file data-v5.csv (CSV, C-alpha atoms and all ligand atoms)
chain,number,residue,atom,x,y,z
X,1,MET,CA,63.4,70.3,-20.1
X,2,THR,CA,65.0,67.1,-21.5
X,3,PRO,CA,65.6,64.2,-19.1
X,4,ARG,CA,69.1,62.9,-18.9
X,5,ILE,CA,68.1,59.3,-18.3
X,6,LEU,CA,65.0,57.4,-19.4
X,7,ILE,CA,64.3,53.9,-18.2
X,8,ILE,CA,61.3,52.7,-20.3
X,9,GLY,CA,59.5,49.6,-21.2
X,10,PRO,CA,56.7,47.3,-20.0
X,11,CYS,CA,56.0,46.4,-16.4
X,12,ALA,CA,56.6,42.8,-17.4
X,13,ALA,CA,58.0,41.0,-20.3
X,14,GLU,CA,54.9,39.0,-21.5
X,15,THR,CA,55.8,37.6,-24.9
X,16,ARG,CA,58.8,38.0,-27.3
X,17,GLU,CA,56.7,39.9,-29.7
X,18,GLN,CA,55.4,42.4,-27.0
X,19,VAL,CA,59.0,43.0,-25.8
X,20,LEU,CA,60.5,43.6,-29.3
X,21,THR,CA,57.6,45.7,-30.6
X,22,THR,CA,57.7,47.9,-27.5
X,23,ALA,CA,61.5,48.3,-27.8
X,24,GLN,CA,61.4,49.1,-31.5
X,25,ARG,CA,58.5,51.6,-31.1
X,26,LEU,CA,60.4,53.3,-28.3
X,27,LYS,CA,63.6,53.4,-30.2
X,28,ASP,CA,61.8,54.9,-33.3
X,29,ARG,CA,60.2,57.7,-31.2
X,30,LEU,CA,63.0,58.8,-28.9
X,31,ALA,CA,64.8,62.0,-29.8
X,32,GLY,CA,68.1,60.2,-29.0
X,33,ASN,CA,69.5,63.1,-26.9
X,34,CYS,CA,69.3,61.2,-23.6
X,35,GLN,CA,70.4,57.9,-22.2
X,36,ALA,CA,67.5,55.4,-22.9
X,37,ILE,CA,67.5,52.1,-21.1
X,38,PHE,CA,64.9,49.4,-21.9
X,39,ARG,CA,63.2,48.0,-18.8
X,40,ALA,CA,61.1,44.8,-18.5
X,41,GLY,CA,60.4,42.7,-15.4
X,42,LEU,CA,61.0,39.0,-15.8
X,43,TRP,CA,60.4,37.8,-12.2
X,44,LYS,CA,57.5,39.8,-10.8
X,45,PRO,CA,57.2,40.0,-7.0
X,46,ARG,CA,53.5,40.7,-7.0
X,47,SER,CA,51.4,41.2,-3.9
X,48,SER,CA,49.1,38.3,-4.8
X,49,PRO,CA,50.3,34.8,-5.8
X,50,ASP,CA,47.3,34.5,-8.1
X,51,THR,CA,48.4,37.2,-10.5
X,52,PHE,CA,51.0,37.0,-13.3
X,53,GLN,CA,54.4,36.2,-11.8
X,54,GLY,CA,56.5,36.9,-14.9
X,55,VAL,CA,58.0,34.7,-17.6
X,56,GLY,CA,61.3,34.2,-15.7
X,57,ASN,CA,64.5,33.1,-17.4
X,58,GLU,CA,62.8,32.6,-20.8
X,59,GLY,CA,62.6,36.4,-21.2
X,60,LEU,CA,66.4,36.9,-20.9
X,61,ALA,CA,66.8,35.9,-24.5
X,62,TRP,CA,64.2,38.6,-25.5
X,63,LEU,CA,66.2,41.2,-23.7
X,64,GLN,CA,69.3,40.1,-25.6
X,65,GLU,CA,67.4,40.5,-28.8
X,66,VAL,CA,66.4,44.1,-27.7
X,67,GLN,CA,70.1,44.8,-27.2
X,68,ARG,CA,71.0,43.4,-30.7
X,69,GLU,CA,68.1,44.9,-32.6
X,70,THR,CA,67.8,48.3,-31.1
X,71,GLY,CA,71.2,49.0,-29.5
X,72,MET,CA,69.4,49.9,-26.3
X,73,LYS,CA,70.9,48.9,-22.9
X,74,VAL,CA,68.5,46.7,-20.9
X,75,ALA,CA,67.4,46.5,-17.3
X,76,THR,CA,65.5,44.0,-15.2
X,77,GLU,CA,64.4,43.6,-11.6
X,78,VAL,CA,66.2,41.1,-9.4
X,79,SER,CA,64.8,40.1,-6.0
X,80,ASN,CA,67.2,37.3,-5.1
X,81,THR,CA,70.8,36.1,-5.8
X,82,GLU,CA,69.7,33.4,-8.3
X,83,GLN,CA,67.9,36.0,-10.5
X,84,ALA,CA,70.9,38.4,-10.2
X,85,GLU,CA,73.3,35.6,-11.4
X,86,ALA,CA,71.0,34.7,-14.3
X,87,ALA,CA,70.6,38.3,-15.4
X,88,LEU,CA,74.3,39.0,-15.2
X,89,LYS,CA,75.2,35.9,-17.1
X,90,ALA,CA,72.8,36.9,-19.8
X,91,GLY,CA,74.5,40.3,-20.1
X,92,VAL,CA,71.7,42.4,-18.8
X,93,ASN,CA,73.3,45.8,-18.4
X,94,TYR,CA,71.4,47.3,-15.5
X,95,LEU,CA,69.7,45.6,-12.5
X,96,TRP,CA,67.1,47.2,-10.3
X,97,ILE,CA,66.0,46.3,-6.8
X,98,GLY,CA,62.3,46.8,-6.4
X,99,ALA,CA,60.3,48.5,-3.6
X,100,ARG,CA,59.3,45.2,-1.9
X,101,THR,CA,62.9,43.9,-1.8
X,102,ALA,CA,64.2,47.3,-0.7
X,103,ALA,CA,62.2,46.9,2.5
X,104,ASN,CA,64.6,44.2,3.6
X,105,PRO,CA,68.2,45.4,4.1
X,106,ILE,CA,69.5,41.8,4.5
X,107,GLN,CA,68.3,40.9,1.1
X,108,VAL,CA,69.7,44.2,-0.4
X,109,GLN,CA,73.1,43.3,1.2
X,110,LEU,CA,72.9,39.8,-0.3
X,111,LEU,CA,72.1,41.3,-3.7
X,112,ALA,CA,74.9,43.9,-3.4
X,113,ASP,CA,77.4,41.2,-2.5
X,114,THR,CA,76.3,39.2,-5.5
X,115,ILE,CA,76.2,41.9,-8.1
X,116,ARG,CA,79.3,43.7,-6.8
X,117,ASP,CA,80.6,45.7,-9.8
X,118,ARG,CA,79.5,43.2,-12.5
X,119,ALA,CA,76.5,45.3,-13.7
X,120,GLU,CA,76.9,48.6,-15.6
X,121,GLY,CA,74.7,50.1,-12.9
X,122,VAL,CA,72.2,49.3,-10.2
X,123,MET,CA,68.9,51.1,-9.6
X,124,ILE,CA,67.4,51.0,-6.1
X,125,LYS,CA,63.8,52.0,-5.6
X,126,ASN,CA,62.6,53.5,-2.4
X,127,PRO,CA,61.2,50.9,0.1
X,128,VAL,CA,57.4,50.5,0.2
X,129,SER,CA,57.3,52.3,3.6
X,130,GLU,CA,58.3,55.9,3.9
X,131,ASP,CA,61.7,55.2,5.4
X,132,ALA,CA,64.4,57.5,4.1
X,133,GLU,CA,67.1,56.0,6.4
X,134,LEU,CA,66.5,52.5,4.9
X,135,TRP,CA,66.7,53.9,1.4
X,136,ILE,CA,69.9,55.8,2.3
X,137,GLY,CA,71.4,52.6,3.8
X,138,ASN,CA,70.5,50.6,0.7
X,139,ILE,CA,72.2,53.1,-1.6
X,140,ARG,CA,75.3,52.9,0.6
X,141,ARG,CA,75.3,49.1,0.5
X,142,ILE,CA,75.3,49.1,-3.3
X,143,MET,CA,77.7,52.1,-3.6
X,144,HIS,CA,80.2,50.1,-1.7
X,145,TYR,CA,80.8,48.1,-4.9
X,146,THR,CA,79.6,50.1,-7.8
X,147,PRO,CA,79.8,53.9,-8.3
X,148,ASN,CA,76.9,53.8,-10.8
X,149,VAL,CA,73.8,53.7,-8.5
X,150,MET,CA,70.6,55.4,-9.4
X,151,ALA,CA,67.9,56.2,-6.8
X,152,VAL,CA,64.4,55.5,-8.2
X,153,HIS,CA,61.6,57.3,-6.4
X,154,ARG,CA,58.3,55.5,-6.8
X,155,GLY,CA,56.4,56.7,-3.7
X,156,CYS,CA,54.6,54.7,-1.1
X,157,ASN,CA,50.9,53.6,-1.5
X,158,HIS,CA,50.3,56.2,-4.1
X,159,LEU,CA,51.7,59.0,-1.9
X,160,SER,CA,54.6,60.8,-3.4
X,161,CYS,CA,56.6,61.2,-0.2
X,162,TRP,CA,58.6,64.1,-1.7
X,163,GLY,CA,60.4,64.7,1.6
X,164,MET,CA,62.0,61.3,1.4
X,165,ALA,CA,63.4,62.0,-2.1
X,166,LYS,CA,64.7,65.4,-0.9
X,167,ARG,CA,66.7,63.6,1.7
X,168,ILE,CA,68.3,61.4,-0.9
X,169,ARG,CA,69.2,64.4,-3.1
X,170,GLU,CA,70.9,66.0,-0.1
X,171,ALA,CA,72.7,62.9,1.0
X,172,PHE,CA,74.0,61.9,-2.4
X,173,ALA,CA,74.4,64.8,-4.8
X,174,GLU,CA,76.1,62.6,-7.3
X,175,VAL,CA,73.5,59.8,-7.4
X,176,PRO,CA,71.0,60.4,-10.2
X,177,LEU,CA,67.5,60.8,-8.9
X,178,ILE,CA,64.9,59.1,-11.1
X,179,LEU,CA,61.1,59.4,-10.8
X,180,ASP,CA,58.9,56.4,-11.4
X,181,PRO,CA,55.5,58.2,-12.0
X,182,SER,CA,53.9,54.9,-13.1
X,183,HIS,CA,54.1,53.2,-9.7
X,184,MET,CA,53.8,56.5,-7.8
X,185,ALA,CA,50.4,57.3,-9.3
X,186,GLY,CA,49.2,53.8,-10.3
X,187,ARG,CA,47.2,55.6,-13.0
X,188,ALA,CA,48.3,56.5,-16.6
X,189,ASP,CA,46.5,59.9,-16.6
X,190,LYS,CA,48.7,61.2,-13.8
X,191,VAL,CA,52.1,60.2,-15.3
X,192,GLU,CA,52.6,63.5,-17.1
X,193,SER,CA,51.8,65.9,-14.2
X,194,LEU,CA,54.2,63.9,-12.0
X,195,MET,CA,56.9,64.1,-14.6
X,196,GLN,CA,56.4,67.9,-14.8
X,197,ALA,CA,56.7,68.2,-11.1
X,198,ALA,CA,59.9,66.2,-11.1
X,199,ALA,CA,61.3,68.2,-14.0
X,200,ARG,CA,60.9,71.4,-11.9
X,201,LEU,CA,62.6,69.7,-9.0
X,202,GLU,CA,65.5,68.9,-11.3
X,203,TYR,CA,65.2,65.1,-11.3
X,204,ASP,CA,67.8,63.4,-13.6
X,205,GLY,CA,65.3,61.2,-15.4
X,206,TYR,CA,62.3,58.9,-15.3
X,207,MET,CA,61.4,55.2,-15.1
X,208,ILE,CA,58.2,54.8,-17.0
X,209,GLU,CA,56.1,51.7,-17.8
X,210,VAL,CA,55.2,51.5,-21.5
X,211,HIS,CA,53.1,48.8,-23.2
X,212,PRO,CA,51.9,48.6,-26.8
X,213,HIS,CA,48.4,47.8,-25.5
X,214,PRO,CA,48.1,48.9,-21.9
X,215,THR,CA,44.6,47.7,-21.2
X,216,GLU,CA,45.7,44.2,-22.2
X,217,ALA,CA,48.8,44.2,-20.0
X,218,LEU,CA,49.2,41.2,-17.6
X,219,SER,CA,50.3,43.5,-14.8
X,220,ASP,CA,49.9,47.1,-13.9
X,221,ALA,CA,47.5,47.7,-16.8
X,222,LYS,CA,46.0,50.9,-15.3
X,223,GLN,CA,49.3,52.8,-15.2
X,224,GLN,CA,51.1,51.8,-18.4
X,225,ILE,CA,51.1,54.2,-21.4
X,226,THR,CA,51.9,53.5,-25.1
X,227,PRO,CA,55.2,54.5,-26.7
X,228,GLU,CA,53.3,57.2,-28.7
X,229,GLU,CA,51.8,58.6,-25.6
X,230,LEU,CA,55.3,58.7,-24.0
X,231,SER,CA,56.8,60.5,-26.9
X,232,ALA,CA,54.0,63.1,-26.9
X,233,ILE,CA,54.5,63.7,-23.2
X,234,LEU,CA,58.2,64.1,-23.7
X,235,GLU,CA,57.6,66.7,-26.5
X,236,ARG,CA,55.3,68.7,-24.2
X,237,LEU,CA,57.9,68.4,-21.4
X,238,GLU,CA,60.5,69.8,-23.7
X,239,LYS,CA,58.4,72.9,-24.2
X,240,LEU,CA,57.6,73.4,-20.5
X,241,PRO,CA,58.8,76.9,-19.6
X,242,LYS,CA,61.6,76.9,-17.0
X,243,ASP,CA,60.3,77.8,-13.5
X,244,THR,CA,62.5,80.5,-12.1
X,245,THR,CA,61.6,79.8,-8.5
X,246,GLU,CA,64.4,78.5,-6.4
X,247,THR,CA,64.4,74.6,-6.4
X,248,GLU,CA,64.7,74.5,-2.6
X,249,LEU,CA,61.4,76.4,-2.4
X,250,LEU,CA,59.8,74.1,-4.9
X,251,TRP,CA,60.8,71.1,-2.9
X,252,TYR,CA,59.2,72.6,0.2
X,253,ARG,CA,56.0,73.5,-1.7
X,254,ALA,CA,55.7,69.9,-3.1
X,255,MET,CA,56.1,68.6,0.4
X,256,MET,CA,53.6,71.1,1.8
X,257,ASP,CA,51.0,70.3,-0.9
X,258,GLU,CA,51.3,66.7,-0.1
X,259,VAL,CA,50.8,67.3,3.6
X,260,ASP,CA,47.8,69.4,2.7
X,261,ASP,CA,46.4,66.5,0.7
X,262,ARG,CA,46.7,64.3,3.8
X,263,LEU,CA,45.3,67.0,6.1
X,264,TRP,CA,42.2,67.6,4.0
X,265,ASP,CA,41.6,63.9,3.5
X,266,THR,CA,41.9,63.6,7.3
X,267,LEU,CA,39.5,66.5,7.8
X,268,ALA,CA,37.0,64.9,5.4
X,269,GLU,CA,37.2,61.6,7.3
X,270,ARG,CA,36.6,63.5,10.6
X,271,MET,CA,33.6,65.2,9.1
X,272,GLN,CA,32.1,61.9,8.1
X,273,ILE,CA,32.5,60.5,11.6
X,274,SER,CA,31.0,63.7,12.9
X,275,ARG,CA,27.9,63.2,10.7
X,276,LYS,CA,27.5,59.7,12.1
X,277,ILE,CA,27.7,61.0,15.6
X,278,GLY,CA,25.1,63.7,14.7
X,279,ARG,CA,22.7,61.0,13.5
X,280,TRP,CA,23.3,58.9,16.5
X,281,LYS,CA,22.5,61.8,18.9
X,282,LYS,CA,19.5,62.9,16.9
X,283,GLU,CA,17.9,59.4,17.2
X,284,ARG,CA,18.3,59.6,20.9
X,285,GLY,CA,17.2,63.2,21.2
X,286,LEU,CA,20.6,64.4,22.6
X,287,PRO,CA,21.9,67.9,22.1
X,288,VAL,CA,24.6,68.4,19.4
X,289,VAL,CA,27.0,70.4,21.6
X,290,GLN,CA,28.3,68.7,24.7
X,291,PRO,CA,30.6,71.1,26.5
X,292,GLU,CA,32.4,68.5,28.6
X,293,ARG,CA,33.4,66.6,25.4
X,294,LYS,CA,34.7,69.8,23.8
X,295,ALA,CA,36.7,70.6,27.0
X,296,GLU,CA,38.2,67.1,26.9
X,297,ILE,CA,39.3,67.5,23.2
X,298,ILE,CA,40.9,70.8,23.9
X,299,GLU,CA,42.7,69.5,27.0
X,300,LYS,CA,44.0,66.5,25.2
X,301,ARG,CA,45.3,68.6,22.3
X,302,LEU,CA,46.9,71.2,24.6
X,303,SER,CA,49.0,68.6,26.3
X,304,TRP,CA,50.0,67.2,22.9
X,305,ALA,CA,50.9,70.7,21.8
X,306,LYS,CA,53.5,71.0,24.6
X,307,THR,CA,55.4,68.0,23.4
X,308,ALA,CA,54.9,68.8,19.7
X,309,GLY,CA,56.2,72.4,20.2
X,310,VAL,CA,53.0,74.0,18.9
X,311,GLN,CA,51.7,77.2,20.4
X,312,PRO,CA,48.6,76.7,22.6
X,313,ASP,CA,46.8,79.6,20.9
X,314,THR,CA,47.3,77.9,17.5
X,315,VAL,CA,45.7,74.7,18.9
X,316,ARG,CA,42.8,76.7,20.4
X,317,ASN,CA,42.1,78.6,17.2
X,318,ILE,CA,42.2,75.5,15.0
X,319,ILE,CA,40.0,73.4,17.4
X,320,GLU,CA,37.5,76.2,17.5
X,321,ALA,CA,37.2,76.3,13.7
X,322,ILE,CA,37.0,72.5,13.4
X,323,HIS,CA,34.5,72.3,16.2
X,324,THR,CA,32.3,75.0,14.7
X,325,GLU,CA,32.2,73.1,11.4
X,326,SER,CA,31.6,69.8,13.1
X,327,VAL,CA,28.6,71.2,15.0
X,328,ARG,CA,27.3,72.6,11.7
X,329,GLU,CA,27.6,69.1,10.1
X,330,GLN,CA,25.9,67.4,13.1
X,331,GLY,CA,23.1,69.9,13.0
X,332,ASN,CA,22.3,69.1,9.3
W,1,LIG,C1,58.2,47.5,-11.3
W,1,LIG,O1,59.0,48.4,-11.6
W,1,LIG,O2,57.6,46.8,-12.2
W,1,LIG,C2,57.9,47.2,-9.9
W,1,LIG,C3,57.5,46.0,-9.5
W,1,LIG,O3,58.0,48.3,-9.2
W,1,LIG,P1,58.0,48.5,-7.6
W,1,LIG,O4,59.1,47.7,-7.0
W,1,LIG,O5,58.2,50.0,-7.5
W,1,LIG,O6,56.6,48.1,-7.1
W,2,MN,MN,54.9,47.5,-12.5

call {"tool": "encode", "arguments": {"input": "data-v5.csv", "output": "structure tokens"}}
result
Amino acid sequence: MTPRILIIGPCAAETREQVLTTAQRLKDRLAGNCQAIFRAGLWKPRSSPDTFQGVGNEGLAWLQEVQRETGMKVATEVSNTEQAEAALKAGVNYLWIGARTAANPIQVQLLADTIRDRAEGVMIKNPVSEDAELWIGNIRRIMHYTPNVMAVHRGCNHLSCWGMAKRIREAFAEVPLILDPSHMAGRADKVESLMQAAARLEYDGYMIEVHPHPTEALSDAKQQITPEELSAILERLEKLPKDTTETELLWYRAMMDEVDDRLWDTLAERMQISRKIGRWKKERGLPVVQPERKAEIIEKRLSWAKTAGVQPDTVRNIIEAIHTESVREQGN
């Protein structure tokens, strides 16, 4: 399964040498049968002001060198109109709007009005919160000016939020859906399995952070991979047998697996609280089972079930199972 679009390069441009080496090594290792765009952040909207904020305008010349030396198109992130103007003037081919900026539709509108149709394409990441409507609205704001919009799915707080991406696929069949496994996982060792999942879901491509020496990266060191690692991953992806299961079912399974992850994390959290309660009761010589508390929990959940449209028997059966396990935990 060969991706149609690859947006690859370091999280941030750090030095001229790092940018050019990465680009050259990527160029040398790519099969050349897909559209490869070189990415590098120049203005980094990081969560903490104490971390590396990017080299700024200085890096524009390095991106121009990448264009000249490798023939690759280049992309950078813009968070405000000044940055967009500077990047467009320097001939940056593609601009992308990051997850933090995507949380603010006013800023996205300002950027859309500035960029208009002056870039070859605009990539818009999903907003940091799981808000499909906001992502859809942002895509429409950009599409108003440029037909070449790509939706970059980077997840929220290390959750994949597959359901949100499915909504985008359904709303805009013609918009390429790109997976950013680097930011979704936040860990280099998970990049490949996420790419495989996206390949099965028929994503159009990937945005991947690549650095010649990931551990020395000034930002997102844990999630970056080397150009050689990327090329090995792409080779294995190529050989991945085609899954004959209907794509629609695969989407539902991805969504369900993610809900299960959350469900089991929540159950584990509940068990931990239960153990604390168990110790508290033991210290005071109180019995583990308190029937009035169990009745209260069931009562509360049954009234919730009415509004949530869940069968009362389902609620009773699940509470019984959870309660039995909870009592066992408290007894230990
Ligand atoms: C990035 O791509 O380097 C970046 C900052 O990503 P995000 O906006 O998804 O956090
Ligand atoms: Mn990054």

call {"tool": "closest_residue", "arguments": {"input": "data-v5.csv", "among": "X:Arg167, X:Lys276, X:Lys281, X:Arg39", "to": "Val74 (chain X)", "atoms": "only C-alpha atoms"}}
result
X:Arg39

call {"tool": "closest_residue", "arguments": {"input": "data-v5.csv", "among": "X:Thr76, X:Pro241, X:Gln330, X:His213", "to": "Lys282 (chain X)", "atoms": "only C-alpha atoms"}}
result
X:Gln330

call {"tool": "closest_atom_pairs", "arguments": {"input": "data-v5.csv", "of": "region 175-249 of chain X", "to": "region 83-101 of chain X", "cutoff": "12 Å", "atoms": "only C-alpha atoms", "output": "JSON lines"}}
result
{"residue": "X:Asp180", "atom": "CA", "partner": "X:Ala99", "partner_atom": "CA", "distance": 11.2}
{"residue": "X:His183", "atom": "CA", "partner": "X:Ala99", "partner_atom": "CA", "distance": 9.9}
{"residue": "X:Met184", "atom": "CA", "partner": "X:Ala99", "partner_atom": "CA", "distance": 11.1}
{"residue": "X:Met207", "atom": "CA", "partner": "X:Trp96", "partner_atom": "CA", "distance": 10.9}

call {"tool": "closest_atom_pairs", "arguments": {"input": "data-v5.csv", "of": "chain X", "to": "ligand MN 2 (chain W)", "cutoff": "10 Å", "atoms": "all atoms listed in the file", "output": "JSON lines"}}
result
{"residue": "X:Pro10", "atom": "CA", "partner": "W:MN2", "partner_atom": "MN", "distance": 7.7}
{"residue": "X:Cys11", "atom": "CA", "partner": "W:MN2", "partner_atom": "MN", "distance": 4.2}
{"residue": "X:Ala12", "atom": "CA", "partner": "W:MN2", "partner_atom": "MN", "distance": 7.0}
{"residue": "X:Ala40", "atom": "CA", "partner": "W:MN2", "partner_atom": "MN", "distance": 9.0}
{"residue": "X:Gly41", "atom": "CA", "partner": "W:MN2", "partner_atom": "MN", "distance": 7.9}
{"residue": "X:Lys44", "atom": "CA", "partner": "W:MN2", "partner_atom": "MN", "distance": 8.3}
{"residue": "X:Pro45", "atom": "CA", "partner": "W:MN2", "partner_atom": "MN", "distance": 9.6}
{"residue": "X:Arg46", "atom": "CA", "partner": "W:MN2", "partner_atom": "MN", "distance": 8.9}
{"residue": "X:Gly98", "atom": "CA", "partner": "W:MN2", "partner_atom": "MN", "distance": 9.6}
{"residue": "X:Asp180", "atom": "CA", "partner": "W:MN2", "partner_atom": "MN", "distance": 9.8}
{"residue": "X:Ser182", "atom": "CA", "partner": "W:MN2", "partner_atom": "MN", "distance": 7.5}
{"residue": "X:His183", "atom": "CA", "partner": "W:MN2", "partner_atom": "MN", "distance": 6.4}
{"residue": "X:Gly186", "atom": "CA", "partner": "W:MN2", "partner_atom": "MN", "distance": 8.8}
{"residue": "X:Ile208", "atom": "CA", "partner": "W:MN2", "partner_atom": "MN", "distance": 9.2}
{"residue": "X:Glu209", "atom": "CA", "partner": "W:MN2", "partner_atom": "MN", "distance": 6.9}
{"residue": "X:Val210", "atom": "CA", "partner": "W:MN2", "partner_atom": "MN", "distance": 9.9}
{"residue": "X:Leu218", "atom": "CA", "partner": "W:MN2", "partner_atom": "MN", "distance": 9.9}
{"residue": "X:Ser219", "atom": "CA", "partner": "W:MN2", "partner_atom": "MN", "distance": 6.5}
{"residue": "X:Asp220", "atom": "CA", "partner": "W:MN2", "partner_atom": "MN", "distance": 5.2}
{"residue": "X:Ala221", "atom": "CA", "partner": "W:MN2", "partner_atom": "MN", "distance": 8.6}
{"residue": "X:Lys222", "atom": "CA", "partner": "W:MN2", "partner_atom": "MN", "distance": 9.9}
{"residue": "X:Gln223", "atom": "CA", "partner": "W:MN2", "partner_atom": "MN", "distance": 8.2}
{"residue": "X:Gln224", "atom": "CA", "partner": "W:MN2", "partner_atom": "MN", "distance": 8.2}

call {"tool": "write_last_selection", "arguments": {"input": "data-v5.csv", "atoms": "C-alpha atoms", "output": "PDB file, in the frame of the given file"}}
result
ATOM      1  CA  PRO X  10      56.700  47.300 -20.000  1.00  0.00           C
ATOM      2  CA  CYS X  11      56.000  46.400 -16.400  1.00  0.00           C
ATOM      3  CA  ALA X  12      56.600  42.800 -17.400  1.00  0.00           C
ATOM      4  CA  ALA X  40      61.100  44.800 -18.500  1.00  0.00           C
ATOM      5  CA  GLY X  41      60.400  42.700 -15.400  1.00  0.00           C
ATOM      6  CA  LYS X  44      57.500  39.800 -10.800  1.00  0.00           C
ATOM      7  CA  PRO X  45      57.200  40.000  -7.000  1.00  0.00           C
ATOM      8  CA  ARG X  46      53.500  40.700  -7.000  1.00  0.00           C
ATOM      9  CA  GLY X  98      62.300  46.800  -6.400  1.00  0.00           C
ATOM     10  CA  ASP X 180      58.900  56.400 -11.400  1.00  0.00           C
ATOM     11  CA  SER X 182      53.900  54.900 -13.100  1.00  0.00           C
ATOM     12  CA  HIS X 183      54.100  53.200  -9.700  1.00  0.00           C
ATOM     13  CA  GLY X 186      49.200  53.800 -10.300  1.00  0.00           C
ATOM     14  CA  ILE X 208      58.200  54.800 -17.000  1.00  0.00           C
ATOM     15  CA  GLU X 209      56.100  51.700 -17.800  1.00  0.00           C
ATOM     16  CA  VAL X 210      55.200  51.500 -21.500  1.00  0.00           C
ATOM     17  CA  LEU X 218      49.200  41.200 -17.600  1.00  0.00           C
ATOM     18  CA  SER X 219      50.300  43.500 -14.800  1.00  0.00           C
ATOM     19  CA  ASP X 220      49.900  47.100 -13.900  1.00  0.00           C
ATOM     20  CA  ALA X 221      47.500  47.700 -16.800  1.00  0.00           C
ATOM     21  CA  LYS X 222      46.000  50.900 -15.300  1.00  0.00           C
ATOM     22  CA  GLN X 223      49.300  52.800 -15.200  1.00  0.00           C
ATOM     23  CA  GLN X 224      51.100  51.800 -18.400  1.00  0.00           C
TER      24      GLN X 224
END

call {"tool": "closest_residue", "arguments": {"input": "data-v5.csv", "among": "X:Val327, X:Ala119, X:Met271, X:Ala75", "to": "ligand LIG 1 (chain W)", "atoms": "all atoms listed in the file"}}
result
X:Ala75

call {"tool": "closest_residue", "arguments": {"input": "data-v5.csv", "among": "X:Glu228, X:Glu82, X:Asp204, X:Glu65", "to": "Leu26 (chain X)", "atoms": "all atoms listed in the file"}}
result
X:Glu228

call {"tool": "atom_distance", "arguments": {"input": "data-v5.csv", "atom1": "CA of Glu130 (chain X)", "atom2": "CA of Ile7 (chain X)"}}
result
23.0 Å

call {"tool": "residues_near_point", "arguments": {"input": "data-v5.csv", "point": "(62.9, 44.7, 1.6)", "cutoff": "10 Å", "atoms": "all atoms listed in the file", "output": "PyMOL selection string"}}
result
chain X and resi 79+97-108+126-129+134-135+138

call {"tool": "decode", "arguments": {"input": "data-v5.csv", "residues": "region 240-250 of chain X", "atoms": "N, CA, C and O atoms", "output": "PDB file, in the first residue's frame"}}
result
ATOM      1  N   LEU X 240       2.437  -4.833   3.012  1.00  0.00           N
ATOM      2  CA  LEU X 240       1.309  -5.183   3.890  1.00  0.00           C
ATOM      3  C   LEU X 240       0.174  -5.783   3.044  1.00  0.00           C
ATOM      4  O   LEU X 240      -0.254  -5.170   2.067  1.00  0.00           O
ATOM      5  N   PRO X 241      -0.283  -6.988   3.390  1.00  0.00           N
ATOM      6  CA  PRO X 241      -1.354  -7.572   2.575  1.00  0.00           C
ATOM      7  C   PRO X 241      -2.627  -6.741   2.657  1.00  0.00           C
ATOM      8  O   PRO X 241      -2.921  -6.152   3.700  1.00  0.00           O
ATOM      9  N   LYS X 242      -3.333  -6.683   1.554  1.00  0.00           N
ATOM     10  CA  LYS X 242      -4.560  -5.867   1.525  1.00  0.00           C
ATOM     11  C   LYS X 242      -5.608  -6.536   2.401  1.00  0.00           C
ATOM     12  O   LYS X 242      -5.829  -7.739   2.324  1.00  0.00           O
ATOM     13  N   ASP X 243      -6.212  -5.739   3.276  1.00  0.00           N
ATOM     14  CA  ASP X 243      -7.281  -6.253   4.129  1.00  0.00           C
ATOM     15  C   ASP X 243      -8.563  -6.231   3.307  1.00  0.00           C
ATOM     16  O   ASP X 243      -8.938  -5.198   2.766  1.00  0.00           O
ATOM     17  N   THR X 244      -9.222  -7.380   3.211  1.00  0.00           N
ATOM     18  CA  THR X 244     -10.401  -7.439   2.343  1.00  0.00           C
ATOM     19  C   THR X 244     -11.683  -7.031   3.082  1.00  0.00           C
ATOM     20  O   THR X 244     -12.754  -6.973   2.480  1.00  0.00           O
ATOM     21  N   THR X 245     -11.549  -6.764   4.389  1.00  0.00           N
ATOM     22  CA  THR X 245     -12.726  -6.330   5.153  1.00  0.00           C
ATOM     23  C   THR X 245     -13.208  -4.980   4.608  1.00  0.00           C
ATOM     24  O   THR X 245     -12.393  -4.139   4.221  1.00  0.00           O
ATOM     25  N   GLU X 246     -14.521  -4.788   4.610  1.00  0.00           N
ATOM     26  CA  GLU X 246     -15.085  -3.514   4.139  1.00  0.00           C
ATOM     27  C   GLU X 246     -14.517  -2.352   4.967  1.00  0.00           C
ATOM     28  O   GLU X 246     -14.462  -2.448   6.204  1.00  0.00           O
ATOM     29  N   THR X 247     -14.149  -1.270   4.302  1.00  0.00           N
ATOM     30  CA  THR X 247     -13.531  -0.135   4.994  1.00  0.00           C
ATOM     31  C   THR X 247     -14.451   0.426   6.085  1.00  0.00           C
ATOM     32  O   THR X 247     -13.994   0.793   7.167  1.00  0.00           O
ATOM     33  N   GLU X 248     -15.743   0.477   5.785  1.00  0.00           N
ATOM     34  CA  GLU X 248     -16.721   1.012   6.756  1.00  0.00           C
ATOM     35  C   GLU X 248     -16.627   0.238   8.085  1.00  0.00           C
ATOM     36  O   GLU X 248     -16.604   0.821   9.165  1.00  0.00           O
ATOM     37  N   LEU X 249     -16.534  -1.094   7.971  1.00  0.00           N
ATOM     38  CA  LEU X 249     -16.440  -1.919   9.171  1.00  0.00           C
ATOM     39  C   LEU X 249     -15.122  -1.661   9.895  1.00  0.00           C
ATOM     40  O   LEU X 249     -15.075  -1.610  11.132  1.00  0.00           O
ATOM     41  N   LEU X 250     -14.045  -1.463   9.136  1.00  0.00           N
ATOM     42  CA  LEU X 250     -12.750  -1.179   9.748  1.00  0.00           C
ATOM     43  C   LEU X 250     -12.777   0.136  10.527  1.00  0.00           C
ATOM     44  O   LEU X 250     -12.194   0.261  11.596  1.00  0.00           O
TER      45      LEU X 250
END
